[in-house]
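S.K.: Just so it is clear, I am handing over work-v2.txt, which has compact mmCIF, C-alpha atoms and all ligand atoms.
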# COMPACT_ATOMS: atom_id res chain seq x y z
CA MET A 3 19.09 -18.62 4.05
CA LYS A 4 18.47 -17.10 0.65
CA VAL A 5 15.44 -15.04 -0.34
CA ARG A 6 14.40 -13.40 -3.60
CA TYR A 7 14.16 -9.64 -3.14
CA PHE A 8 11.89 -7.18 -4.95
CA PRO A 9 13.23 -3.68 -4.12
CA GLY A 10 10.92 -1.55 -6.29
CA CYS A 11 11.53 1.80 -7.95
CA THR A 12 11.61 4.05 -4.90
CA LEU A 13 14.20 2.03 -3.00
CA LYS A 14 16.52 2.49 -5.95
CA ASN A 15 16.02 6.26 -5.92
CA LYS A 16 14.59 8.43 -3.16
CA ALA A 17 14.54 5.74 -0.49
CA GLN A 18 18.01 4.26 -0.86
CA ASP A 19 18.49 4.12 2.91
CA LEU A 20 15.50 1.85 3.25
CA ASP A 21 17.15 -0.56 0.82
CA LEU A 22 20.75 -0.24 2.03
CA PHE A 23 19.94 -0.90 5.68
CA ALA A 24 17.60 -3.74 4.77
CA ARG A 25 20.47 -5.49 2.99
CA LYS A 26 23.01 -4.78 5.71
CA SER A 27 20.70 -5.98 8.47
CA ALA A 28 19.81 -9.10 6.53
CA LEU A 29 23.50 -9.94 6.16
CA ALA A 30 23.99 -9.47 9.90
CA LEU A 31 21.11 -11.91 10.44
CA GLY A 32 22.52 -14.47 8.02
CA ILE A 33 20.07 -13.84 5.20
CA GLU A 34 21.15 -13.32 1.63
CA MET A 35 18.79 -11.08 -0.30
CA GLU A 36 19.11 -11.92 -3.97
CA GLU A 37 17.66 -9.13 -6.06
CA ILE A 38 15.35 -10.37 -8.77
CA PRO A 39 17.03 -9.57 -12.09
CA MET A 40 15.12 -7.19 -14.37
CA TRP A 41 12.30 -6.63 -11.88
CA GLN A 42 9.74 -4.04 -13.00
CA CYS A 43 7.92 -1.37 -11.03
CA CYS A 44 4.82 -2.69 -9.24
CA GLY A 45 2.86 0.46 -10.14
CA GLY A 46 2.55 1.77 -6.59
CA VAL A 47 -1.10 0.94 -6.03
CA PHE A 48 -3.23 -2.10 -6.73
CA VAL A 49 -6.08 -1.49 -9.17
CA SER A 50 -8.92 -3.55 -7.79
CA ALA A 51 -11.05 -3.86 -10.95
CA ASN A 52 -11.10 -7.51 -11.95
CA ASP A 53 -10.76 -6.75 -15.67
CA GLU A 54 -7.50 -4.85 -15.17
CA VAL A 55 -4.69 -7.14 -16.31
CA ALA A 56 -1.71 -5.40 -17.90
CA THR A 57 -0.90 -3.31 -14.81
CA LYS A 58 -0.52 -6.47 -12.74
CA LEU A 59 1.93 -8.38 -14.91
CA SER A 60 5.09 -6.99 -13.34
CA SER A 61 3.98 -8.44 -10.00
CA ILE A 62 3.31 -11.81 -11.56
CA ARG A 63 6.79 -11.84 -13.10
CA ALA A 64 8.31 -11.31 -9.65
CA LEU A 65 6.07 -13.97 -8.12
CA SER A 66 7.01 -16.40 -10.84
CA ASP A 67 10.72 -15.77 -10.26
CA ALA A 68 10.38 -16.61 -6.57
CA GLU A 69 8.40 -19.74 -7.33
CA GLU A 70 10.99 -20.87 -9.82
CA HIS A 71 13.76 -20.40 -7.27
CA HIS A 72 11.80 -22.11 -4.47
CA SER A 73 12.57 -19.12 -2.28
CA PRO A 74 10.44 -16.68 -0.31
CA LEU A 75 9.71 -13.41 -2.11
CA VAL A 76 10.68 -10.53 0.17
CA THR A 77 9.53 -6.92 -0.17
CA VAL A 78 10.49 -3.94 1.97
CA CYS A 79 8.34 -1.10 0.62
CA SER A 80 4.77 -1.22 1.95
CA ALA A 81 3.35 -0.35 -1.46
CA CYS A 82 5.22 -3.06 -3.39
CA HIS A 83 4.17 -5.54 -0.76
CA ASN A 84 0.53 -4.56 -0.99
CA VAL A 85 0.41 -4.64 -4.80
CA ILE A 86 2.25 -7.95 -5.16
CA LYS A 87 0.24 -9.65 -2.47
CA GLN A 88 -3.12 -8.45 -3.79
CA THR A 89 -2.13 -9.46 -7.31
CA ASN A 90 -1.18 -12.92 -6.09
CA HIS A 91 -4.51 -13.20 -4.34
CA GLN A 92 -6.40 -12.30 -7.49
CA PHE A 93 -4.30 -14.73 -9.51
CA ASN A 94 -5.25 -17.52 -7.15
CA THR A 95 -8.94 -16.71 -6.76
CA ASP A 96 -10.07 -15.37 -10.15
CA SER A 97 -9.63 -17.92 -12.92
CA ALA A 98 -10.58 -15.53 -15.74
CA PHE A 99 -7.91 -13.09 -14.61
CA ARG A 100 -5.39 -15.88 -14.22
CA GLN A 101 -5.97 -17.14 -17.73
CA LYS A 102 -5.63 -13.66 -19.23
CA ALA A 103 -2.46 -12.95 -17.27
CA VAL A 104 -0.87 -16.24 -18.32
CA ASN A 105 -1.75 -15.58 -21.95
CA TYR A 106 -0.34 -12.08 -21.83
CA LEU A 107 2.93 -13.19 -20.30
CA ALA A 108 3.39 -16.09 -22.70
CA SER A 109 6.57 -17.09 -20.88
CA ASP A 110 8.22 -20.51 -20.84
CA THR A 111 7.59 -21.00 -17.16
CA VAL A 112 3.97 -20.50 -16.23
CA TYR A 113 3.39 -19.17 -12.73
CA GLN A 114 1.48 -21.71 -10.65
CA GLY A 115 0.37 -19.34 -7.90
CA GLY A 116 2.64 -20.83 -5.26
CA ALA A 117 5.00 -18.01 -4.28
CA GLU A 118 5.32 -17.22 -0.59
CA ILE A 119 5.40 -13.48 -0.02
CA TYR A 120 6.95 -11.94 3.05
CA HIS A 121 7.20 -8.33 3.95
CA TYR A 122 10.61 -7.77 5.56
CA LEU A 123 8.87 -7.38 8.94
CA GLU A 124 7.24 -10.78 8.42
CA MET A 125 10.59 -12.22 7.41
CA LEU A 126 11.98 -10.98 10.73
CA ARG A 127 9.07 -12.40 12.70
CA ASP A 128 8.45 -15.67 10.86
CA LEU A 129 11.77 -16.68 9.31
CA VAL A 130 14.22 -15.25 11.85
CA GLY A 131 12.19 -14.72 15.03
CA PHE A 132 12.20 -11.66 17.29
CA ASP A 133 13.93 -13.63 20.08
CA GLU A 134 16.78 -14.42 17.70
CA ILE A 135 17.01 -10.77 16.72
CA LYS A 136 17.10 -9.75 20.36
CA LYS A 137 20.11 -12.00 20.87
CA LYS A 138 21.92 -10.35 17.97
CA VAL A 139 21.38 -6.79 19.15
CA VAL A 140 24.75 -5.26 20.02
CA LYS A 141 23.64 -1.65 20.45
CA PRO A 142 20.23 -1.73 22.13
CA LEU A 143 18.13 1.36 21.51
CA THR A 144 17.61 1.87 25.23
CA GLY A 145 15.63 4.94 26.24
CA ARG A 146 14.26 5.64 22.76
CA LYS A 147 10.50 6.15 22.49
CA ILE A 148 9.39 4.91 19.12
CA ALA A 149 6.02 5.43 17.44
CA VAL A 150 5.66 2.74 14.79
CA TYR A 151 3.60 3.88 11.84
CA TYR A 152 1.87 1.12 9.91
CA GLY A 153 -0.19 3.34 7.65
CA CYS A 154 -2.63 1.49 5.41
CA LEU A 155 -0.84 -0.77 3.02
CA LEU A 156 0.85 -3.26 5.33
CA LEU A 157 -2.37 -4.23 7.05
CA ARG A 158 -5.26 -3.73 4.64
CA PRO A 159 -7.20 -5.36 3.17
CA ASN A 160 -6.67 -7.80 5.98
CA SER A 161 -8.40 -10.71 4.23
CA VAL A 162 -5.50 -10.65 1.76
CA MET A 163 -2.57 -9.12 3.64
CA LYS A 164 -2.96 -11.26 6.78
CA MET A 165 0.07 -9.65 8.38
CA ASP A 166 -1.48 -9.06 11.78
CA ASP A 167 -4.68 -7.97 13.49
CA PRO A 168 -5.45 -4.87 11.38
CA GLU A 169 -6.92 -2.92 14.30
CA ASN A 170 -4.49 -4.04 16.97
CA PRO A 171 -1.28 -5.06 15.23
CA GLN A 172 1.80 -6.05 17.23
CA ILE A 173 4.45 -7.08 14.70
CA PHE A 174 6.10 -3.67 14.39
CA GLU A 175 5.95 -3.01 18.14
CA SER A 176 7.49 -6.41 18.86
CA LEU A 177 10.43 -5.58 16.62
CA ILE A 178 11.00 -2.25 18.34
CA ARG A 179 10.96 -3.93 21.75
CA ALA A 180 13.39 -6.60 20.53
CA LEU A 181 15.75 -3.77 19.59
CA GLY A 182 15.62 -2.48 23.16
CA ALA A 183 13.49 0.62 22.62
CA GLU A 184 10.12 1.48 24.06
CA SER A 185 7.19 1.23 21.66
CA VAL A 186 4.73 4.07 22.25
CA TYR A 187 1.06 3.40 21.52
CA TYR A 188 -0.89 6.08 19.67
CA PRO A 189 -4.30 5.82 18.00
CA MET A 190 -3.38 6.99 14.49
CA ARG A 191 -0.73 4.35 13.84
CA ASN A 192 -2.87 2.54 11.26
CA GLU A 193 -4.60 5.52 9.63
CA CYS A 194 -3.76 7.10 6.28
CA CYS A 195 -1.07 9.78 5.69
CA GLY A 196 -2.82 10.87 2.49
CA GLY A 197 -0.65 8.78 0.17
CA TYR A 198 -0.61 9.85 -3.47
CA ILE A 199 -3.21 12.56 -2.77
CA ALA A 200 -0.12 14.76 -2.27
CA LEU A 201 -0.23 15.20 -6.06
CA GLU A 202 -3.94 16.02 -6.15
CA SER A 203 -4.51 18.00 -2.97
CA LYS A 204 -1.61 19.18 -0.83
CA GLU A 205 -4.13 20.42 1.74
CA LEU A 206 -5.63 16.98 2.26
CA ALA A 207 -2.17 15.37 2.51
CA GLU A 208 -1.22 17.96 5.09
CA LYS A 209 -4.34 17.40 7.14
CA LYS A 210 -3.93 13.64 7.20
CA SER A 211 -0.21 13.74 7.94
CA ARG A 212 -0.63 16.25 10.72
CA SER A 213 -3.20 14.09 12.45
CA VAL A 214 -0.72 11.21 12.43
CA TYR A 215 2.34 12.99 13.77
CA GLU A 216 0.37 14.98 16.33
CA SER A 217 -1.06 11.75 17.66
CA ALA A 218 2.44 10.24 17.91
CA LYS A 219 3.85 13.35 19.52
CA SER A 220 1.16 13.66 22.16
CA ALA A 221 1.78 10.02 23.09
CA GLY A 222 5.34 11.01 24.00
CA ALA A 223 7.27 9.51 21.09
CA ASP A 224 10.67 10.88 20.06
CA THR A 225 10.77 9.20 16.63
CA ILE A 226 8.28 7.90 14.07
CA VAL A 227 9.29 4.74 12.24
CA THR A 228 7.86 3.58 8.91
CA ALA A 229 8.34 1.06 6.11
CA CYS A 230 6.81 3.31 3.45
CA PRO A 231 8.68 6.03 1.51
CA LEU A 232 5.44 7.86 0.76
CA CYS A 233 4.38 7.93 4.41
CA ARG A 234 7.80 9.31 5.30
CA TYR A 235 7.61 11.93 2.58
CA ASN A 236 4.13 13.10 3.56
CA LEU A 237 4.94 13.37 7.26
CA LEU A 238 8.21 15.24 6.71
CA LYS A 239 6.89 17.47 3.91
CA ASN A 240 4.09 18.53 6.18
CA ASN A 241 6.43 19.53 8.99
CA SER A 242 6.47 16.62 11.37
CA PRO A 243 8.12 17.85 14.57
CA LEU A 244 9.44 14.31 15.10
CA PRO A 245 12.10 12.68 12.92
CA VAL A 246 10.66 10.01 10.60
CA VAL A 247 13.05 7.15 9.89
CA TYR A 248 12.91 3.82 8.09
CA PHE A 249 12.64 0.77 10.30
CA THR A 250 15.59 -0.83 8.54
CA GLU A 251 17.83 1.99 9.71
CA LEU A 252 16.94 1.39 13.38
CA LEU A 253 17.42 -2.31 12.87
CA ALA A 254 20.86 -1.84 11.33
CA GLU A 255 21.81 0.53 14.13
CA ALA A 256 20.84 -1.96 16.83
CA LEU A 257 22.56 -4.84 15.04
CA GLY A 258 25.73 -2.81 14.72
CA ALA A 259 25.48 -3.10 10.94
CA LYS A 260 24.92 0.56 10.18
CA GLU A 261 28.49 1.81 10.07
CA ASP A 262 29.96 -1.16 8.22
CA SER A 263 31.88 -0.28 5.10
CA ASN A 264 29.58 0.63 2.26
CA GLU A 265 28.83 -2.09 -0.22
CA MET B 23 -23.90 3.30 -22.73
CA ASN B 24 -27.13 4.05 -20.92
CA ASN B 25 -27.37 4.29 -17.17
CA ARG B 26 -28.44 0.69 -16.79
CA GLN B 27 -25.47 -0.59 -18.79
CA LYS B 28 -23.09 1.58 -16.84
CA GLN B 29 -24.48 0.22 -13.60
CA GLU B 30 -24.00 -3.34 -14.80
CA GLU B 31 -20.47 -2.61 -15.94
CA ILE B 32 -19.54 -1.07 -12.58
CA LEU B 33 -20.96 -4.00 -10.65
CA ARG B 34 -19.23 -6.44 -12.98
CA ILE B 35 -15.71 -5.00 -12.89
CA SER B 36 -15.86 -4.23 -9.17
CA GLY B 37 -17.35 -7.56 -8.19
CA VAL B 38 -19.36 -5.73 -5.52
CA ASN B 39 -22.84 -6.73 -4.41
CA ALA B 40 -24.27 -3.34 -3.44
CA ARG B 41 -27.46 -4.91 -2.09
CA LYS B 42 -25.56 -6.33 0.88
CA CYS B 43 -25.23 -2.79 2.28
CA MET B 44 -27.29 -2.15 5.42
CA LYS B 45 -26.69 1.63 5.28
CA CYS B 46 -24.96 1.90 8.62
CA GLY B 47 -22.56 4.58 7.40
CA LYS B 48 -19.48 3.05 8.99
CA CYS B 49 -17.49 3.24 5.75
CA SER B 50 -18.06 6.97 5.54
CA ALA B 51 -17.37 7.48 9.23
CA THR B 52 -13.93 5.90 8.86
CA CYS B 53 -13.04 7.44 5.49
CA PRO B 54 -10.04 9.81 5.77
CA ALA B 55 -11.18 11.73 2.69
CA TYR B 56 -14.73 12.26 3.99
CA ASP B 57 -14.48 16.04 4.30
CA GLU B 58 -13.36 16.49 0.69
CA MET B 59 -16.04 14.30 -0.84
CA GLU B 60 -19.32 15.42 -2.33
CA TYR B 61 -20.59 11.83 -2.34
CA HIS B 62 -19.30 9.69 0.50
CA PRO B 63 -18.56 5.97 0.41
CA HIS B 64 -22.00 4.88 1.67
CA GLU B 65 -23.62 7.19 -0.90
CA PHE B 66 -21.54 5.62 -3.67
CA VAL B 67 -22.95 2.27 -2.68
CA TYR B 68 -26.51 3.58 -2.63
CA MET B 69 -26.20 5.51 -5.88
CA VAL B 70 -24.72 2.55 -7.73
CA GLU B 71 -27.43 0.33 -6.31
CA THR B 72 -30.17 2.66 -7.51
CA GLY B 73 -28.52 3.36 -10.86
CA ASP B 74 -27.74 7.00 -10.21
CA ILE B 75 -24.49 6.73 -12.16
CA ASP B 76 -24.09 9.92 -14.17
CA ARG B 77 -23.93 12.14 -11.10
CA LEU B 78 -21.25 9.90 -9.62
CA MET B 79 -19.22 9.92 -12.81
CA ALA B 80 -19.28 13.72 -12.91
CA SER B 81 -18.18 14.10 -9.29
CA GLN B 82 -14.70 15.08 -8.13
CA SER B 83 -15.20 12.65 -5.24
CA LEU B 84 -13.79 9.97 -7.54
CA TYR B 85 -10.36 11.53 -7.25
CA LYS B 86 -10.36 12.07 -3.50
CA CYS B 87 -10.27 8.42 -2.46
CA LEU B 88 -6.86 7.56 -0.96
CA SER B 89 -7.03 3.79 -1.55
CA CYS B 90 -6.50 3.26 2.18
CA PHE B 91 -8.85 0.23 2.29
CA ALA B 92 -10.31 1.39 5.61
CA CYS B 93 -13.86 1.16 4.25
CA VAL B 94 -13.08 -2.33 2.96
CA ASP B 95 -11.91 -3.67 6.30
CA ARG B 96 -14.37 -1.83 8.53
CA CYS B 97 -17.62 -2.48 6.71
CA PRO B 98 -19.59 -4.97 8.80
CA ARG B 99 -21.21 -6.44 5.67
CA GLY B 100 -18.14 -6.92 3.48
CA VAL B 101 -19.46 -4.58 0.78
CA GLN B 102 -16.06 -3.05 -0.16
CA PRO B 103 -17.20 0.46 -1.16
CA PHE B 104 -13.65 1.26 -2.32
CA LYS B 105 -14.03 -1.14 -5.22
CA LEU B 106 -17.10 0.73 -6.45
CA ILE B 107 -15.30 4.06 -6.34
CA GLU B 108 -12.42 2.51 -8.25
CA ALA B 109 -14.76 1.07 -10.86
CA VAL B 110 -16.58 4.36 -11.44
CA ARG B 111 -13.27 6.20 -11.72
CA LEU B 112 -12.03 3.65 -14.25
CA MET B 113 -15.23 4.03 -16.29
CA ASN B 114 -14.29 7.68 -16.54
CA ILE B 115 -10.58 7.62 -17.24
CA ARG B 116 -10.74 4.65 -19.58
CA LYS B 117 -12.52 6.94 -22.03
CA GLN B 118 -10.22 8.57 -24.55
CA GLY B 119 -9.19 12.06 -23.44
CA ASN B 120 -10.59 11.69 -19.94
CA ASN B 121 -7.37 11.45 -17.96
CA HIS B 122 -7.56 13.29 -14.66
CA MET B 123 -3.81 13.99 -14.64
CA THR B 124 -1.32 14.14 -17.48
CA ALA B 125 2.47 14.12 -17.68
CA ASN B 126 2.33 17.87 -18.29
CA ASP B 127 0.81 18.40 -14.85
CA ILE B 128 3.73 16.72 -13.08
CA PRO B 129 6.63 19.22 -13.28
CA SER B 130 4.77 21.87 -11.30
CA ILE B 131 3.81 19.36 -8.60
CA LEU B 132 7.20 17.73 -8.28
CA ASP B 133 9.74 18.53 -5.59
CA ASP B 134 13.18 17.12 -4.85
CA ASP B 135 12.05 14.77 -2.12
CA MET B 136 8.96 13.30 -3.74
CA PRO B 137 9.33 9.52 -3.96
CA GLN B 138 8.81 7.79 -7.32
CA GLN B 139 6.11 5.77 -5.60
CA ALA B 140 3.93 8.88 -5.28
CA ILE B 141 4.11 9.67 -8.97
CA VAL B 142 3.50 6.15 -10.27
CA SER B 143 0.61 5.74 -7.83
CA ALA B 144 -1.07 8.97 -8.88
CA PHE B 145 -0.68 7.99 -12.53
CA ARG B 146 -2.20 4.64 -11.92
CA LYS B 147 -5.22 6.22 -10.24
CA TYR B 148 -5.76 9.24 -12.43
CA THR B 149 -4.52 8.26 -15.88
CA LYS B 150 -4.99 5.57 -18.48
S1 LIG C 1 -10.46 3.45 0.43
FE1 LIG C 1 -11.11 5.48 -0.31
S2 LIG C 1 -13.30 5.56 0.15
FE2 LIG C 1 -12.47 3.86 1.34
S3 LIG C 1 -12.03 4.77 3.34
FE3 LIG C 1 -10.14 4.91 2.13
S4 LIG C 1 -10.21 6.94 1.17
FE4 LIG C 1 -12.29 6.47 1.90
S1 LIG C 2 -20.06 0.22 6.07
FE1 LIG C 2 -20.80 -1.32 4.60
S2 LIG C 2 -22.90 -1.78 5.24
FE2 LIG C 2 -22.32 0.14 6.25
S3 LIG C 2 -22.99 1.77 4.83
FE3 LIG C 2 -20.87 1.32 4.29
S4 LIG C 2 -21.03 -0.23 2.68
FE4 LIG C 2 -23.02 -0.17 3.69
Represent the structure of the file as structure tokens.
Ligand code: SF4
Ligand code: SF4

M.R.:
Amino acid sequence: MKVRYFPGCTLKNKAQDLDLFARKSALALGIEMEEIPMWQCCGGVFVSANDEVATKLSSIRALSDAEEHHSPLVTVCSACHNVIKQTNHQFNTDSAFRQKAVNYLASDTVYQGGAEIYHYLEMLRDLVGFDEIKKKVVKPLTGRKIAVYYGCLLLRPNSVMKMDDPENPQIFESLIRALGAESVYYPMRNECCGGYIALESKELAEKKSRSVYESAKSAGADTIVTACPLCRYNLLKNNSPLPVVYFTELLAEALGAKEDSNE
Amino acid sequence: MNNRQKQEEILRISGVNARKCMKCGKCSATCPAYDEMEYHPHEFVYMVETGDIDRLMASQSLYKCLSCFACVDRCPRGVQPFKLIEAVRLMNIRKQGNNHMTANDIPSILDDDMPQQAIVSAFRKYTK
């Protein structure tokens, strides 16, 4: 199976492991991730004002590429996923915005609003299946106690993201169990790490991050797992006592794809 | 723009119907930035509804919102207070010279581990 892949700026720089292990794991699962040529940064956060157009065009270009190739659009970074999905939603529900965006882009192929967007976790659940993944695990993560950290952007706003029940999600936990590890429940798994406030108020970022990793630690976890480079940064910068790793790294480890020769 | 026009503009670009709010306070109770805010999400809704715009526009609370969408998902009336905060912030930074953060501020904030995502996000929220 082939998918169109939007890596985003951070996976090409500070979060190269998130990208590398996503590609390796996909190969091990028989999925070819074709990187969209000349993709542009999503901007990191969705601007909700309905008259904001220019900042959303990079997302529409990626959506249009996937539609043109009749392939699912796959994202790995939580932020890219959130921005692209919310932009697609606005494109399909706000005709004034749609018209302005189409005019701005003035491209030969006009996006029709039909792209199917999958976060990598959704790709694993919906296009591969956790049972299939379980069968392909060669190095089960037996004995590991994993705290999955959703943060905000994968789940909210739920009316648009529709990944899972936003207050009682299971997708991330199901993956961890398929890999043979124990998934540890803790209350702060879908609360905010502080996000970009790290640039505005280090104190607030610290407070928010601490509340997340303390919650995970007191639940008995040995590792926190995330899909978001900014979550990882905030937790580690603010002295998480637990290691914080990308979910793609655990996946690659369990699939035996981690130590393969570098691409 | 007078207060009335500002109110209309905020309601228009946010798409929010502030009158749906039943003043339960759930948005503020769930807001992770609550402690740092002078005006909290439910107060934003009330102040926009009553046209008390200038005080909101002058408040640092605009820059404390984390865009976590918790108040969007947990409001029992679907009011989406986040969208009002965003709209008021945009009204501010869209004015020439009103950026909350500039490129010159970045070097002193930067460290070796900071992901690009953090910087582009802050710019999108604080700068036009
Ligand atoms: S989106 Fe902003 S206002 Fe709403 S809960 Fe999150 S931080 Fe608070
Ligand atoms: S949660 Fe909704 S209804 Fe309750 S105070 Fe906030 S905006 Fe109003």

S.K.: Go through B:Cys87, B:Cys53, B:Met69, B:Ile35 and flag the residue nearest chain A, using all atoms listed in the file for the distances.

M.R.: B:Ile35

S.K.: What residues have any atom no more than 12 Å from ligand LIG 2 (chain C) when counting all atoms listed in the file, and can you list them as a PyMOL selection string?

M.R.: chain B and resi 38-53+62-71+91-107

S.K.: Measuring between only C-alpha atoms, which one of A:Ile119, A:Leu201, A:Ile178, A:Ile33 shows the shortest distance to chain B?

M.R.: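 Looking at the shortest contact to chain B, the residue is A:Leu201.
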
S.K.: Using all atoms listed in the file, can you tell me which of A:Ala221, A:Ile226, A:Cys44, A:Leu29 comes closest to chain B?

M.R.: A:Cys44

S.K.: Find the residue from A:Pro168, A:Pro9, A:Pro142, A:Pro39 that sits nearest to chain B; use all atoms listed in the file when measuring.

M.R.: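 The answer is A:Pro168, which sits nearest to chain B.
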
S.K.: For chain A versus ligand LIG 1 (chain C), which residues have an atom no more than 12 Å away, and what is each residue's nearest atom pair and distance in Å rounded to one decimal, using all atoms listed in the file, chain-then-number order, as a Markdown table?

M.R.:
| residue | atom | partner | partner_atom | distance |
| --- | --- | --- | --- | --- |
| A:Val47 | CA | C:LIG1 | S1 | 11.6 |
| A:Phe48 | CA | C:LIG1 | S1 | 11.6 |
| A:Val49 | CA | C:LIG1 | S1 | 11.7 |
| A:Ser50 | CA | C:LIG1 | S1 | 10.9 |
| A:Gly153 | CA | C:LIG1 | FE3 | 11.5 |
| A:Cys154 | CA | C:LIG1 | FE3 | 8.9 |
| A:Leu155 | CA | C:LIG1 | S1 | 10.8 |
| A:Arg158 | CA | C:LIG1 | S1 | 9.8 |
| A:Pro159 | CA | C:LIG1 | S1 | 9.8 |
| A:Asn192 | CA | C:LIG1 | FE3 | 11.9 |
| A:Glu193 | CA | C:LIG1 | FE3 | 9.3 |
| A:Cys194 | CA | C:LIG1 | FE3 | 7.9 |
| A:Cys195 | CA | C:LIG1 | S4 | 10.6 |
| A:Gly196 | CA | C:LIG1 | S4 | 8.5 |
| A:Gly197 | CA | C:LIG1 | S4 | 9.8 |
| A:Tyr198 | CA | C:LIG1 | S4 | 11.1 |
| A:Ile199 | CA | C:LIG1 | S4 | 9.8 |
| A:Leu206 | CA | C:LIG1 | S4 | 11.1 |
| A:Ala207 | CA | C:LIG1 | S4 | 11.7 |
| A:Lys210 | CA | C:LIG1 | S4 | 11.0 |

S.K.: Which residue is closest to Glu31 of chain B? Choose from A:Asn84, A:Gln18, A:Gln42, A:Asn52 and count only C-alpha atoms.

M.R.: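 The shortest atom-to-atom distance to Glu31 of chain B comes from A:Asn52.
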
S.K.: Taking all atoms listed in the file into account, name the residue in B:Ser81, B:Asn25, B:Gln139, B:Ser130 that is nearest to chain A.

M.R.: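 Answer, going by the shortest atom-to-atom distance: B:Gln139.
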
S.K.: Measure the distance from atom CA of Phe99 of chain A to atom CA of Trp41 of chain A in Å and round it to one decimal.

M.R.: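 Computing it gives 21.4 Å between the two atoms.
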
S.K.: Residues of chain B that have any atom at most 9 Å from an atom of chain A: could you tabulate them with the shortest-distance atom pair and the distance in Å to one decimal, using all atoms listed in the file, ordered by chain and increasing number, as CSV?

M.R.:
residue,atom,partner,partner_atom,distance
B:Arg34,CA,A:Asn52,CA,8.3
B:Ile35,CA,A:Ala51,CA,5.2
B:Ser36,CA,A:Ala51,CA,5.1
B:Gly37,CA,A:Asn52,CA,7.3
B:Pro54,CA,A:Cys194,CA,6.9
B:Ala55,CA,A:Leu206,CA,7.7
B:Glu58,CA,A:Leu206,CA,7.9
B:Tyr85,CA,A:Glu202,CA,7.9
B:Lys86,CA,A:Ile199,CA,7.2
B:Cys87,CA,A:Ile199,CA,8.2
B:Leu88,CA,A:Gly196,CA,6.3
B:Ser89,CA,A:Val47,CA,8.0
B:Cys90,CA,A:Cys154,CA,5.3
B:Phe91,CA,A:Arg158,CA,5.8
B:Ala92,CA,A:Arg158,CA,7.3
B:Val94,CA,A:Pro159,CA,6.6
B:Asp95,CA,A:Pro159,CA,5.9
B:Phe104,CA,A:Ser50,CA,8.7
B:Lys105,CA,A:Ser50,CA,6.2
B:Leu106,CA,A:Ala51,CA,8.8
B:Glu108,CA,A:Ser50,CA,7.0
B:Ala109,CA,A:Ala51,CA,6.2
B:Leu112,CA,A:Ala51,CA,8.3
B:Met123,CA,A:Glu202,CA,8.7
B:Ile128,CA,A:Leu201,CA,8.2
B:Ile131,CA,A:Leu201,CA,6.3
B:Leu132,CA,A:Leu201,CA,8.2
B:Asp134,CA,A:Lys16,CA,9.0
B:Asp135,CA,A:Lys16,CA,6.9
B:Met136,CA,A:Tyr235,CA,6.6
B:Pro137,CA,A:Lys16,CA,5.4
B:Gln138,CA,A:Thr12,CA,5.3
B:Gln139,CA,A:Gly46,CA,5.4
B:Ala140,CA,A:Tyr198,CA,5.0
B:Ile141,CA,A:Tyr198,CA,7.2
B:Val142,CA,A:Gly45,CA,5.7
B:Ser143,CA,A:Gly46,CA,4.6
B:Ala144,CA,A:Tyr198,CA,5.5
B:Phe145,CA,A:Gly45,CA,8.7
B:Arg146,CA,A:Gly45,CA,6.8
B:Lys147,CA,A:Val49,CA,7.8

S.K.: One decimal, Å: what's the distance from atom CA of Lys164 of chain A over to atom CA of Ala64 of chain A, could you say?

M.R.: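 These two atoms are separated by 19.9 Å.
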
S.K.: Quote the spacing between atom CA of Thr124 of chain B and atom CA of Ile32 of chain B in Å to one decimal place.

M.R.: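 One can read the atom CA of Thr124 of chain B to atom CA of Ile32 of chain B distance as 24.2 Å.
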
S.K.: Take the point (-15.7, 4.8, -18.4) in the file's coordinates, draw a sphere of radius 12 Å around it, and report as number ranges by chain every protein, DNA or RNA residue with an atom inside or on it, counting all atoms listed in the file.

M.R.: B: 23-25, 27-29, 31-32, 35, 75-76, 78-80, 108-121, 149-150

S.K.: Quick one: everything within 8 Å of Glu69 of chain A, counting all atoms listed in the file, minus sequence neighbours fewer than 4 positions away in the same chain. Send it as a PyMOL selection string.

M.R.: chain A and resi 65+73-74+113-114+116-118

S.K.: Some atoms are missing, so please complete segment 10-14 of chain A with N, CA, C and O atoms and return it as a PDB file, in the coordinates of the input.

M.R.:
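Contents of result_33.pdb, as written:
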ATOM      1  N   GLY A  10      11.870  -2.561  -5.814  1.00  0.00           N
ATOM      2  CA  GLY A  10      10.920  -1.550  -6.290  1.00  0.00           C
ATOM      3  C   GLY A  10      11.613  -0.237  -6.616  1.00  0.00           C
ATOM      4  O   GLY A  10      12.749   0.015  -6.201  1.00  0.00           O
ATOM      5  N   CYS A  11      10.904   0.614  -7.355  1.00  0.00           N
ATOM      6  CA  CYS A  11      11.530   1.800  -7.950  1.00  0.00           C
ATOM      7  C   CYS A  11      12.033   2.796  -6.914  1.00  0.00           C
ATOM      8  O   CYS A  11      13.089   3.395  -7.057  1.00  0.00           O
ATOM      9  N   THR A  12      11.267   2.985  -5.838  1.00  0.00           N
ATOM     10  CA  THR A  12      11.610   4.050  -4.900  1.00  0.00           C
ATOM     11  C   THR A  12      12.846   3.707  -4.076  1.00  0.00           C
ATOM     12  O   THR A  12      13.635   4.579  -3.724  1.00  0.00           O
ATOM     13  N   LEU A  13      13.029   2.424  -3.791  1.00  0.00           N
ATOM     14  CA  LEU A  13      14.200   2.030  -3.000  1.00  0.00           C
ATOM     15  C   LEU A  13      15.498   2.151  -3.804  1.00  0.00           C
ATOM     16  O   LEU A  13      16.584   2.103  -3.247  1.00  0.00           O
ATOM     17  N   LYS A  14      15.346   2.288  -5.104  1.00  0.00           N
ATOM     18  CA  LYS A  14      16.520   2.490  -5.950  1.00  0.00           C
ATOM     19  C   LYS A  14      16.784   3.987  -6.156  1.00  0.00           C
ATOM     20  O   LYS A  14      17.760   4.369  -6.784  1.00  0.00           O
TER      21      LYS A  14
END
